[in-house]
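Asker: Please read through the structure below; I'll follow up with questions.
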Amino acid sequence: MNLDAGAPARAEWEWLRTDWSRIRADVKRLQVRIAKATLESRWGKVKALQHLLTRSQGSKMLAVKRVTENRGKRTPGVDGKLWSTPAAKWNGMQSLRHRGYRALPLRRVYIPKRNGKQRPLGIPCIRCRAMQALWKLALEPVAECLADPNSYGFRPERSTADAIGQCFITLARRNSPEWILEGDIRGCFDEISHPWMLAHIPMDKPILRRWLQAGYIDEGTLFASTSGTPQGGIVSPVLCNMTLDGLEAAVYASVSSTAHARRKHKLNVVRYADDFVVTGISKELLESTVLPAVRQFMAVRGLELSDEKTRITHISEGFDFLGQNVRKYTGKLLIKPAKRSIKSLLDRVREIIQGNASATQAAVIQQLNPVIRGWAMYHRHVVAKACFSSIDSHIWRLLWRWALRRHPTKGARWVRKRYFHAHGHRSWEFATNSPAGSDAPRLGLFRAMTISITRHVKIQGAANPFNPAWTTYFTRRRTAKHSEGSLGATPWC
């Protein structure tokens with residue numbers, strides 16, 4: 001008789017019966033305690049609470065749930081393993097032990113960049129990803145308490161819209177600063193100093209050292225990793241943020257330690273991950289005082305600015321930040337979608353249309369709608385209505401040519417009747433035509449113009465989701481965001 005025959009069934013049952021709301025509440029309670037100890041600078045208690053959190057079964061289950069349900073859940077590491085069944089997830093949770101833990105090398109893959117080069121990504125094995133997700137739960141409360149007020153990238157409850165909103169607040173007034181330093185860090189994730197992270201990141205040092213020094217395998221060859229944190233790692237964004245936190249203080253200290261001096265020189269910093277802008281009263285101030293201070297701050301962490309992409313511009317010339325263009329036109333600040341972002345969208349739309357020359361109209365619409373909707377939703381908080389109209393017109397022309405090429409022997413009137421239909425005040429909607437007697441709804445192309453332009457309410461700089469004092473604030477904010485999202489336009493049927 002096989003006594004272990006029921007083990008997989010028991011493991012599957014244990015995973016499926018999990019009360020996730022209770023587990024999240026328990027983990028959040030520990031995170032709040034870690035944040036409180038951090039604010040009180042009780043580092044011994046922070047370490048003890050992190051030890052308690054990373055050894056608890058609930059935290060391990062949340063970590064496994066994250067890495068097995070995100071976009072990379074089907075991407076294996078060098079061991080080729082995936083936890084795709086409930087039993088495998090339960091057994092994987094039980095394998096997250098610190099004693100005897102060894103990080104496997106990363107699997108190196110490359111993704112194309114906008115400039116034609118390739119960006120290296122390091123893919124950890126599934127067990128290392130889960131261990132990183134586990135420690136991220138313990139690191140985030142500390143990172144939030146120590147973060148710069150105007151840092152917005154890879155932080156809970158913050159987004160690119162908050163960073164752009166801070167740019168508007170900083171630059172929109174008549175007496176706002178007119179000179180901007182655009183900072184670009186060369187290979188930020190790949191160049192962060194290992195000794196600096198080991199000395200300053202408040203977590204289990206042996207675990208962090210194993211992640212940093214795991215190495216990577218590229219085309220069957222093992223390479224050592226002497227600097228940086230892998231861009232494919234779940235914990236890497238938190239480590240990057242903690243490395244760059246303090247940049248605001250360094251910029252302000254370059255002129256004086258007083259708030260009056262900061263206001264006098266109109267210094268402001270807005271950062272999203274490793275992209276940042278610094279404002280100042282003059283070009284000379286940014287060149288001779290602020291830029292050297294930023295370079296010194298980066299050098300201590302093993303980083304350096306890119307000479308080609310770091311530049312100082314006047315607000316009348318404008319600058320691109322996070323896919324949007326910030327510029328003053330005769331004294332009025334307008335933030336619009338950047339030309340590069342528009343081109344990227346239209347290139348993607350053109351690629352879909354050309355790659356589906358023989359596909360059905362419904363298949364083309366189903367591929368285009370999420371692309372158009374996602375792009376429009378991203379830019380819905382800025383001056384984008386005219387841009388939305390232009391994009392809709394451009395996409396319509398692409399689809400008209402696509403329809404004509406499919407039927408070279410038919411006339412334009414026949415093509416229009418086949419692919420374009422009247423809807424409301426519009427007589428040229430690109431939509432499917434339901435067969436006679438069928439209850440199947442029409443599927444129409446999503447138009448960017450149907451997205452309403454709504455002003456984004458920027459998050460308060462001191463807001464901390466792990467501080468109970470801000471609970472009511474975040475509850476109201478999530479409710480307002482949910483209401484806004486529920487009003488989003490959908491393609492007509």
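Simple scheme: letters A, B, ... for chains in structure tokens order, numbers from 1 for residues in each chain, numbers from 1 for ligands in the order shown.
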Segment 112-267 of chain A: which residues are strand (DSSP E or B) by DSSP, as a PyMOL selection string?

Answerer: chain A and resi 112+118-123+151+179-185+216-218+221-223

Asker: The selected residues should be written to file as a compact mmCIF listing (two decimals), in the first residue's frame (atoms: N, CA and C atoms).

Answerer:
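Generated file (part05.txt):
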```
# COMPACT_ATOMS: atom_id res chain seq x y z
N PRO A 112 14.39 44.08 -27.11
CA PRO A 112 14.82 45.25 -27.89
C PRO A 112 14.48 46.56 -27.20
N GLN A 118 19.80 46.26 -27.40
CA GLN A 118 19.07 45.25 -26.64
C GLN A 118 19.31 45.43 -25.15
N ARG A 119 18.25 45.24 -24.37
CA ARG A 119 18.33 45.36 -22.93
C ARG A 119 18.41 43.96 -22.32
N PRO A 120 19.44 43.69 -21.50
CA PRO A 120 19.55 42.36 -20.89
C PRO A 120 18.62 42.23 -19.68
N LEU A 121 17.96 41.10 -19.61
CA LEU A 121 17.12 40.77 -18.46
C LEU A 121 17.64 39.49 -17.82
N GLY A 122 17.62 39.44 -16.50
CA GLY A 122 18.00 38.23 -15.79
C GLY A 122 16.77 37.59 -15.19
N ILE A 123 16.46 36.36 -15.59
CA ILE A 123 15.27 35.67 -15.13
C ILE A 123 15.67 34.67 -14.03
N SER A 151 9.32 60.77 -5.26
CA SER A 151 9.67 59.56 -5.99
C SER A 151 8.39 58.78 -6.25
N TRP A 179 14.23 76.47 -15.99
CA TRP A 179 15.31 75.62 -16.47
C TRP A 179 15.19 74.23 -15.85
N ILE A 180 15.38 73.23 -16.67
CA ILE A 180 15.18 71.84 -16.24
C ILE A 180 16.40 71.01 -16.59
N LEU A 181 16.89 70.28 -15.61
CA LEU A 181 17.94 69.28 -15.82
C LEU A 181 17.28 67.92 -16.00
N GLU A 182 17.44 67.35 -17.19
CA GLU A 182 16.91 66.01 -17.47
C GLU A 182 18.01 65.00 -17.18
N GLY A 183 17.79 64.15 -16.19
CA GLY A 183 18.81 63.18 -15.79
C GLY A 183 18.56 61.81 -16.37
N ASP A 184 19.61 61.19 -16.86
CA ASP A 184 19.53 59.82 -17.37
C ASP A 184 20.71 59.03 -16.82
N ILE A 185 20.43 57.98 -16.07
CA ILE A 185 21.48 57.16 -15.46
C ILE A 185 21.87 56.05 -16.41
N TYR A 216 24.95 34.73 -13.96
CA TYR A 216 23.92 34.47 -14.98
C TYR A 216 24.48 33.56 -16.05
N ILE A 217 23.59 32.86 -16.72
CA ILE A 217 23.96 31.94 -17.79
C ILE A 217 23.48 32.52 -19.10
N ASP A 218 24.42 32.74 -20.00
CA ASP A 218 24.13 33.29 -21.33
C ASP A 218 24.68 32.35 -22.38
N THR A 221 26.89 29.54 -21.02
CA THR A 221 28.11 29.90 -20.29
C THR A 221 27.74 30.66 -19.02
N LEU A 222 28.38 30.28 -17.90
CA LEU A 222 28.14 30.94 -16.62
C LEU A 222 29.05 32.15 -16.48
N PHE A 223 28.47 33.31 -16.18
CA PHE A 223 29.21 34.54 -15.97
C PHE A 223 28.97 35.03 -14.54
```

Asker: Find the nearest atom pair between each residue of segment 177-282 of chain A and segment 92-110 of chain A for residues within 10 Å, count only C-alpha atoms, give distances in Å to one decimal, sort rows by chain and ascending number, and present the table as a tab-separated table.

Answerer:
```
residue	atom	partner	partner_atom	distance
A:Asp204	CA	A:His98	CA	9.8
A:Pro206	CA	A:Tyr101	CA	9.6
A:Ile207	CA	A:His98	CA	7.9
A:Leu208	CA	A:Ala103	CA	9.8
A:Arg209	CA	A:Ala103	CA	9.5
A:Arg210	CA	A:Ala103	CA	5.8
A:Trp211	CA	A:Ala103	CA	6.0
A:Leu212	CA	A:Ala103	CA	9.2
A:Gln213	CA	A:Pro105	CA	8.6
A:Ala214	CA	A:Pro105	CA	4.9
A:Gly215	CA	A:Pro105	CA	5.0
A:Tyr216	CA	A:Leu106	CA	4.3
A:Ile217	CA	A:Arg107	CA	5.3
A:Asp218	CA	A:Arg108	CA	5.3
A:Glu219	CA	A:Arg108	CA	8.1
A:Gly220	CA	A:Arg107	CA	9.4
A:Leu222	CA	A:Pro105	CA	7.8
A:Phe223	CA	A:Pro105	CA	8.7
A:Ala224	CA	A:Pro105	CA	9.0
A:Ser225	CA	A:Pro105	CA	9.5
A:Pro230	CA	A:Leu106	CA	8.3
A:Gly232	CA	A:Leu106	CA	9.0
A:Gly233	CA	A:Leu106	CA	9.3
```

Asker: Report the closest atom pair, with its distance in Å rounded to one decimal, for each residue of segment 452-484 of chain A that has an atom no farther than 12 Å from segment 6-28 of chain A; count only C-alpha atoms, sort by chain and then rising residue number, and write it as JSON lines.

Answerer:
```
{"residue": "A:Pro465", "atom": "CA", "partner": "A:Lys28", "partner_atom": "CA", "distance": 10.0}
{"residue": "A:Phe466", "atom": "CA", "partner": "A:Lys28", "partner_atom": "CA", "distance": 7.8}
{"residue": "A:Asn467", "atom": "CA", "partner": "A:Lys28", "partner_atom": "CA", "distance": 10.5}
{"residue": "A:Pro468", "atom": "CA", "partner": "A:Lys28", "partner_atom": "CA", "distance": 10.6}
```

Asker: So, with only C-alpha atoms as the atoms that count, which of A:Pro237, A:Pro202, A:Gly165, A:Gly153 lies closest to Arg42 of chain A?

Answerer: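 Ranking A:Pro237, A:Pro202, A:Gly165, A:Gly153 by distance to Arg42 of chain A, first place goes to A:Pro202.
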
Asker: Smallest atom-to-atom distance to Leu239 of chain A: which of A:Trp196, A:Trp90, A:Trp470, A:Trp400, using only C-alpha atoms?

Answerer: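 Closest to Leu239 of chain A, using only C-alpha atoms: A:Trp196.
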
Asker: With only C-alpha atoms as the counted atoms, please give the residues lying no more than 10 Å from Gln460 of chain A, apart from itself and same-chain residues fewer than 5 positions off, as a CSV table (one decimal) with C-alpha atoms, in the first residue's frame.

Answerer:
```
chain,number,residue,atom,x,y,z
A,149,PRO,CA,8.6,62.6,-1.2
A,150,ASN,CA,8.7,63.1,-5.0
A,158,ARG,CA,1.8,55.8,-7.0
A,162,ASP,CA,1.5,61.4,-10.1
A,166,GLN,CA,4.0,67.1,-9.8
A,473,TYR,CA,-6.9,59.0,2.8
```

Asker: Between atom CA of Val277 of chain A and atom CA of Ala384 of chain A, what is the distance in Å, rounded to a tenth?

Answerer: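 Taking atom CA of Val277 of chain A and atom CA of Ala384 of chain A, their separation equals 22.3 Å.
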
Asker: Write out as a list in words which residues come within 12 Å of Arg401 of chain A when counting only C-alpha atoms, dropping same-chain ones fewer than 3 positions away.

Answerer: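 The residues satisfying every condition are Arg350, Ile353, Gln354, Ala357, His394, Ile395, Trp396, Arg397, Leu398, Leu404, Arg405, Arg406, His407, Pro408, Ala412, Val415, Arg416 and Tyr419 of chain A.
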
Asker: When you look at Asp320 of chain A with a cut-off of 10 Å (counting only C-alpha atoms), what residues show up, excluding the ones that are within fewer than 6 positions of it in the same chain? I need them as a PyMOL selection string.

Answerer: chain A and resi 182+326-327+335-341

Asker: Taking the DSSP secondary structure from the backbone, can you list the residues of segment 243-413 of chain A that are helix (DSSP H, G or I), as a ChimeraX atom specification?

Answerer: /A:243-244,247-253,259-264,283-300,339-354,361-378,385-406,412-413
